[in-house]
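Visitor: I have a structure here, written as structure tokens, and I will follow up with some questions on it.
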Amino acid sequence: MANKAITSRDVDFGKWYTDIVKAAHLADYSNVKGCTVFEPNGYAIWEKMQQVLDGMYKETGHKNVYMPLLIPENLMEKEGELINGFAPEVAWVTIGGQKELEERMCIRPTSETLFSDYYASKVKSYRDLPLKYNQWCNVMRWEKETRPFLRSREFLWQEGHTVHATSEEAEKETRDMLETYKTFFEDYLAIPVITGKKTEKEKFAGAEYTLTVEALMYNGVSLQSATSHYFGQKFSRAYDIKFLNKNNELEYAYQTSWGSTTRMIGALIMVHSDDDGLVLPPKIAPNQVVIIPIGNNDKVNSFVSSTYDKLTESGVSVYIDNSDKSPGFKFAEAEVNGIPVRLEIGERDLAKGILTIARRDTKEKMEISKDIDIVEYVKELLNTIQSDMYNRALKRRCKQTYECHHLREVEDIMNNHPGFVKAMWCGNPDCELKMKEIHGTKSRCILEEEQPIDDKCIVCGNKAEHLVIWGIQY
RNA sequence: CGGAAAGUAGCUUAAUUUGGUAGAGCACUUGGUUCGGGAUCAAGAGGUUGCAGGUUCAAAUCCUGUCUUUCCGACCA
């Protein structure tokens with residue numbers, strides 16, 4: 001039976017999304033537009049994401065730092081493209097409501113300026129390089145339209161900023177971090193992604209180029225999910241980050257930055273969840289298993305606690321729902337919250353020598369012998385759920401990806417059943433603008449490794465340069 | 001930032017048209033009986049009607065402003 005508090009995702013996807021956010025207690029609205037409260041369930045997912053990503057960064061030689069929240073105006077403006085790109089959404093600070101500070105300051109929308117200024121003072125020699133830093137923090141961008149997780153004015157993220165002695169090394173870093181994101185999305189979030197290069201029009205303000213991880217949501221809308229930028233010497237020239245190379249020549253350093261945000265929680269919802277609530281992939285679920293005792297007697301209680309101990313010792317995150325709600329209520333609540341595996345332990349089953357185990361993703365219920373090696377069984381089930389979730393998402397994305405050779409095909413697709421459109425492009429920004437007239441279809445990224453599917457641009461018919469994935473974006 | 005709609009208890013809402021003691025269901029608290037798909041009985045608590053002004057003997061209701069939310073455009077992770 002469907003959850004009464006949740007609108008069906010096939011009826012109204014936008015409403016369904018916010019219903020899930022509220023029903024699963026991920027976030028709540030505050031009195032400031034675009035600034036939400038991260039509730040325990042939502043924040044726990046973020047902590048898990050942080051834990052995994054942070055481990056990956058550390059393994060590849062990155063160190064965490066923390067930069068100030070405020071950026072002085074003169075620092076912000078040194079690199080022209082960045083400030084031009086961000087100007088409309090930068091929040092400036094006033095004191096006591098009206099009084100401007102002696103030096104105007106803004107709340108960071110991103111921290112390239114702060115890192116670059118810092119690096120300028122630290123980098124003297126090729127021996128100082130590379131510097132590979134990352135920070136976990138909040139940033140503020142004054143968006144017009146907001147949605148929990150997907151687009152908020154304040155959001156949490158990680159931003160990596162690195163400096164290198166050569167362009168080769170910096171470009172490799174840009175690629176490596178893109179791969180890290182891809183691995184994280186596919187192996188942990190169970191979300192298949194497409195990677196590629198942003199067009200000039202869509203790239204990060206101030207970057208030489210931007211690499212991106214793009215995912216397709218259940219409703220066929222695409223979501224830019226993480227980005228990795230190569231800056232070349234753009235920022236080092238603006239901020240004067242110079243070092244002496246091995247030939248004793250003064251040279252500007254090469255930089256990168258890469259980021260991923262709490263938007264990933266939104267992606268998790270829109271790819272996997274259903275009308276009964278959240279569905280979490282086991283590898284990112286703060287709680288992987290819930291044990292629901294049914295009835296209250298010594299036999300049940302001792303079996304529950306020994307099962308709990310075994311699972312906990314083996315590293316499975318598990319909790320016992322000991323509240324005095326009815327079993328049916330607990331089942332429904334575990335489902336809304338997206339707990340991957342539910343173990344129902346009751347007198348009736350124990351008498352028969354069995355346990356009931358249910359998986360959240362398929363809602364399948366199985367009866368297993370109570371003498372089975374529960375740790376092994378649960379671990380295998382968690383792995384199965386993880387890969388099944390990925391495969392289902394991949395299958396859906398394949399179904400929602402279309403090769404197009406004519407604009408009218410794109411129009412037909414975006415009208416009736418949106419998704420990723422693969423089509424050739426000549427490289428002219430005017431053709432991107434034309435494409436945008438079709439329900440706001442934008443280039444998501446340039447596919448770099450796939451074979452061309454046509455020799456003409458789908459918009460103007462001139463010689464095609466790139467195979468591009470197009471989509472309607474969040 | 002332009003266009004549209006909404007805001008009454010934690011949630012869903014009644015009373016707004018025609019100004020006159022803000023009422024219910026779910027959730028919550030206490031006690032009992034229950035417990036294998038959102039249990040049930042009894043009692044109880046919870047509101048300056050988003051906020052600020054104005055009109056009036058009287059405002060949830062009418063007027064003005066403002067904030068928040070949702071949808072549609074423009075901007076964006």
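Just so we're on the same page: first chain in the structure tokens is A, next is B, and so on; residues restart at 1 for each chain, and ligands are numbered from 1 in the order they show up.
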Only residues of chain B matter here; which ones have an atom within 7 Å of chain A, counting only C-alpha atoms (C1' of nucleotides)? Give them as a VMD selection string.

Guide: chain B and resid 35 37 to 39 68 76 to 77

Visitor: Can you spit out the residues from that selection as a PDB file, in the first residue's frame, using N, CA and C atoms (P, O5', C5', C4', C3', O3' and C1' of nucleotides)?

Guide:
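Saved to result-v9.pdb:
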```pdb
ATOM      1  P     C B  35      -1.761  -9.491  20.481  1.00  0.00           P
ATOM      2  O5'   C B  35      -0.871  -8.714  19.424  1.00  0.00           O
ATOM      3  C5'   C B  35      -1.487  -8.089  18.289  1.00  0.00           C
ATOM      4  C4'   C B  35      -0.493  -7.127  17.672  1.00  0.00           C
ATOM      5  C3'   C B  35       0.724  -7.814  17.071  1.00  0.00           C
ATOM      6  O3'   C B  35       1.098  -7.128  15.903  1.00  0.00           O
ATOM      7  C1'   C B  35       1.398  -6.255  18.698  1.00  0.00           C
ATOM      8  P     G B  37       0.513  -8.075   9.315  1.00  0.00           P
ATOM      9  O5'   G B  37       1.369  -6.732   9.526  1.00  0.00           O
ATOM     10  C5'   G B  37       0.770  -5.577  10.163  1.00  0.00           C
ATOM     11  C4'   G B  37       0.578  -4.466   9.154  1.00  0.00           C
ATOM     12  C3'   G B  37      -0.461  -4.746   8.052  1.00  0.00           C
ATOM     13  O3'   G B  37      -1.077  -3.527   7.676  1.00  0.00           O
ATOM     14  C1'   G B  37       1.630  -4.380   7.072  1.00  0.00           C
ATOM     15  P     G B  38      -2.063  -2.797   8.787  1.00  0.00           P
ATOM     16  O5'   G B  38      -1.021  -1.867   9.508  1.00  0.00           O
ATOM     17  C5'   G B  38      -0.416  -0.831   8.798  1.00  0.00           C
ATOM     18  C4'   G B  38       0.200   0.129   9.772  1.00  0.00           C
ATOM     19  C3'   G B  38      -0.806   1.020  10.508  1.00  0.00           C
ATOM     20  O3'   G B  38      -0.215   1.308  11.756  1.00  0.00           O
ATOM     21  C1'   G B  38       0.678   2.356   9.266  1.00  0.00           C
ATOM     22  P     A B  39      -0.933   0.632  13.073  1.00  0.00           P
ATOM     23  O5'   A B  39      -2.484   0.458  12.765  1.00  0.00           O
ATOM     24  C5'   A B  39      -3.421   1.021  13.607  1.00  0.00           C
ATOM     25  C4'   A B  39      -4.173  -0.076  14.332  1.00  0.00           C
ATOM     26  C3'   A B  39      -5.201   0.441  15.310  1.00  0.00           C
ATOM     27  O3'   A B  39      -6.405   0.761  14.639  1.00  0.00           O
ATOM     28  C1'   A B  39      -3.887  -1.237  16.329  1.00  0.00           C
ATOM     29  P     U B  68      12.044  35.287   1.996  1.00  0.00           P
ATOM     30  O5'   U B  68      11.127  34.026   2.294  1.00  0.00           O
ATOM     31  C5'   U B  68      11.441  33.146   3.351  1.00  0.00           C
ATOM     32  C4'   U B  68      10.358  32.116   3.508  1.00  0.00           C
ATOM     33  C3'   U B  68      10.084  31.246   2.289  1.00  0.00           C
ATOM     34  O3'   U B  68      11.026  30.198   2.160  1.00  0.00           O
ATOM     35  C1'   U B  68       8.046  31.997   3.163  1.00  0.00           C
ATOM     36  P     C B  76      23.656  31.112 -16.194  1.00  0.00           P
ATOM     37  O5'   C B  76      23.653  30.277 -14.833  1.00  0.00           O
ATOM     38  C5'   C B  76      24.821  30.152 -14.045  1.00  0.00           C
ATOM     39  C4'   C B  76      24.461  29.614 -12.706  1.00  0.00           C
ATOM     40  C3'   C B  76      24.707  28.123 -12.476  1.00  0.00           C
ATOM     41  O3'   C B  76      26.032  27.854 -12.072  1.00  0.00           O
ATOM     42  C1'   C B  76      22.513  28.684 -11.765  1.00  0.00           C
ATOM     43  P     A B  77      26.804  26.386 -12.454  1.00  0.00           P
ATOM     44  O5'   A B  77      26.737  25.548 -11.108  1.00  0.00           O
ATOM     45  C5'   A B  77      27.854  24.736 -10.848  1.00  0.00           C
ATOM     46  C4'   A B  77      27.319  23.432 -10.298  1.00  0.00           C
ATOM     47  C3'   A B  77      25.965  23.070 -10.899  1.00  0.00           C
ATOM     48  O3'   A B  77      26.031  21.929 -11.725  1.00  0.00           O
ATOM     49  C1'   A B  77      25.913  23.033  -8.491  1.00  0.00           C
TER      50        A B  77
END
```

Visitor: DSSP on the backbone: what in range 269-437 of chain A comes out alpha helix (DSSP H), as a ChimeraX atom specification?

Guide: /A:269-272,298-313,327-336,347-352,374-399,407-416,429-436

Visitor: Residues of range 10-174 of chain A classed as strand (DSSP E or B) by DSSP on the backbone are to be reported as an mmCIF file with C-alpha atoms, in the first residue's frame.

Guide:
```cif
data_model
loop_
_atom_site.group_PDB
_atom_site.id
_atom_site.type_symbol
_atom_site.label_atom_id
_atom_site.label_comp_id
_atom_site.auth_asym_id
_atom_site.auth_seq_id
_atom_site.Cartn_x
_atom_site.Cartn_y
_atom_site.Cartn_z
ATOM 1 C CA ALA A 27 15.397 18.412 5.486
ATOM 2 C CA ASP A 28 12.910 21.028 6.575
ATOM 3 C CA TYR A 29 12.327 24.578 5.411
ATOM 4 C CA THR A 36 17.105 24.513 4.844
ATOM 5 C CA VAL A 37 17.525 22.624 8.062
ATOM 6 C CA PHE A 38 19.407 19.396 7.469
ATOM 7 C CA LYS A 63 44.912 17.289 2.648
ATOM 8 C CA ASN A 64 42.012 19.109 4.265
ATOM 9 C CA LEU A 70 34.332 36.040 3.906
ATOM 10 C CA ILE A 71 36.107 37.289 0.810
ATOM 11 C CA PRO A 72 37.203 40.962 0.474
ATOM 12 C CA ALA A 91 25.805 37.916 -1.125
ATOM 13 C CA TRP A 92 27.541 41.028 0.241
ATOM 14 C CA THR A 94 26.462 44.796 5.691
ATOM 15 C CA ILE A 95 26.665 45.571 9.397
ATOM 16 C CA LYS A 99 26.355 50.091 7.199
ATOM 17 C CA GLU A 100 28.908 48.866 4.707
ATOM 18 C CA MET A 105 33.150 41.614 1.737
ATOM 19 C CA CYS A 106 31.064 38.813 0.345
ATOM 20 C CA ILE A 107 30.169 35.375 1.611
ATOM 21 C CA SER A 125 59.843 26.847 -5.787
ATOM 22 C CA LEU A 131 49.842 21.467 -3.218
ATOM 23 C CA LYS A 132 46.717 19.351 -3.100
ATOM 24 C CA TYR A 133 44.175 20.797 -0.670
ATOM 25 C CA ASN A 134 40.507 20.243 -0.109
ATOM 26 C CA GLN A 135 37.947 21.881 2.146
ATOM 27 C CA TRP A 136 34.549 20.819 3.432
ATOM 28 C CA CYS A 137 32.393 23.891 3.976
ATOM 29 C CA ASN A 138 29.250 25.806 3.207
ATOM 30 C CA VAL A 139 28.923 28.329 0.394
ATOM 31 C CA MET A 140 26.260 30.843 -0.536
ATOM 32 C CA ARG A 147 14.593 23.482 -4.026
ATOM 33 C CA ARG A 151 19.258 24.271 -5.528
ATOM 34 C CA GLU A 154 23.380 27.938 1.228
ATOM 35 C CA PHE A 155 24.717 24.483 0.512
ATOM 36 C CA LEU A 156 27.384 22.174 1.843
ATOM 37 C CA TRP A 157 30.118 20.891 -0.389
ATOM 38 C CA GLN A 158 33.724 19.971 -0.758
ATOM 39 C CA GLU A 159 35.986 21.998 -2.980
ATOM 40 C CA GLY A 160 39.408 20.685 -3.907
ATOM 41 C CA HIS A 161 42.034 23.178 -5.044
ATOM 42 C CA THR A 162 45.424 22.101 -6.324
ATOM 43 C CA VAL A 163 48.533 23.822 -7.693
ATOM 44 C CA HIS A 164 51.043 22.104 -9.949
#
```

Visitor: Please provide the set of residues having any atom within 10 Å of range 8-19 of chain B, restricted to only C-alpha atoms (C1' of nucleotides), with same-chain residues fewer than 3 positions apart removed, written as a PDB file with C-alpha atoms (C1' of nucleotides), in the first residue's frame.

Guide:
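New file out_0.pdb:
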```
ATOM      1  CA  ALA A   5       1.897  11.296   2.738  1.00  0.00           C
TER       2      ALA A   5
ATOM      3  C1'   A B  22     -11.180  29.663  15.696  1.00  0.00           C
ATOM      4  C1'   G B  23     -13.619  23.588  14.973  1.00  0.00           C
ATOM      5  C1'   A B  24     -12.123  18.687  13.304  1.00  0.00           C
ATOM      6  C1'   G B  25      -8.939  14.315  11.658  1.00  0.00           C
ATOM      7  C1'   C B  26      -3.938  12.466  12.042  1.00  0.00           C
ATOM      8  C1'   A B  27       0.386  13.061  15.122  1.00  0.00           C
ATOM      9  C1'   C B  28       1.597  14.159  20.551  1.00  0.00           C
ATOM     10  C1'   G B  46      -1.610  21.932  22.052  1.00  0.00           C
ATOM     11  C1'   G B  47      -3.709  28.632  18.374  1.00  0.00           C
ATOM     12  C1'   U B  49      -4.887  32.472  12.229  1.00  0.00           C
ATOM     13  C1'   G B  50       3.206  33.758   8.598  1.00  0.00           C
ATOM     14  C1'   U B  56     -13.919  48.931  12.176  1.00  0.00           C
ATOM     15  C1'   A B  58     -15.443  44.147  16.444  1.00  0.00           C
ATOM     16  C1'   A B  59     -10.556  41.219  11.708  1.00  0.00           C
ATOM     17  C1'   A B  60      -8.537  34.380  10.347  1.00  0.00           C
ATOM     18  C1'   U B  61     -12.154  37.117   7.216  1.00  0.00           C
ATOM     19  C1'   C B  62     -11.612  43.710   4.227  1.00  0.00           C
TER      20        C B  62
END
```

Visitor: Within 10 Å of range 311-315 of chain A, counting only C-alpha atoms (C1' of nucleotides), which residues show up once you throw out same-chain ones fewer than 6 positions away? Write them as a count of residues only, please.

Guide: 7

Visitor: Please indicate the distance in Å from C1' of U21 in chain B to C1' of G7 in chain B, rounded to one decimal place.

Guide: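 The value is 24.0 Å.
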
Visitor: Taking into account only C-alpha atoms (C1' of nucleotides), which residue in the set B:A43, B:A6, B:A52, B:C1 is nearest to A74 in chain B?

Guide: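 For A74 in chain B, the nearest of the candidates is B:C1.
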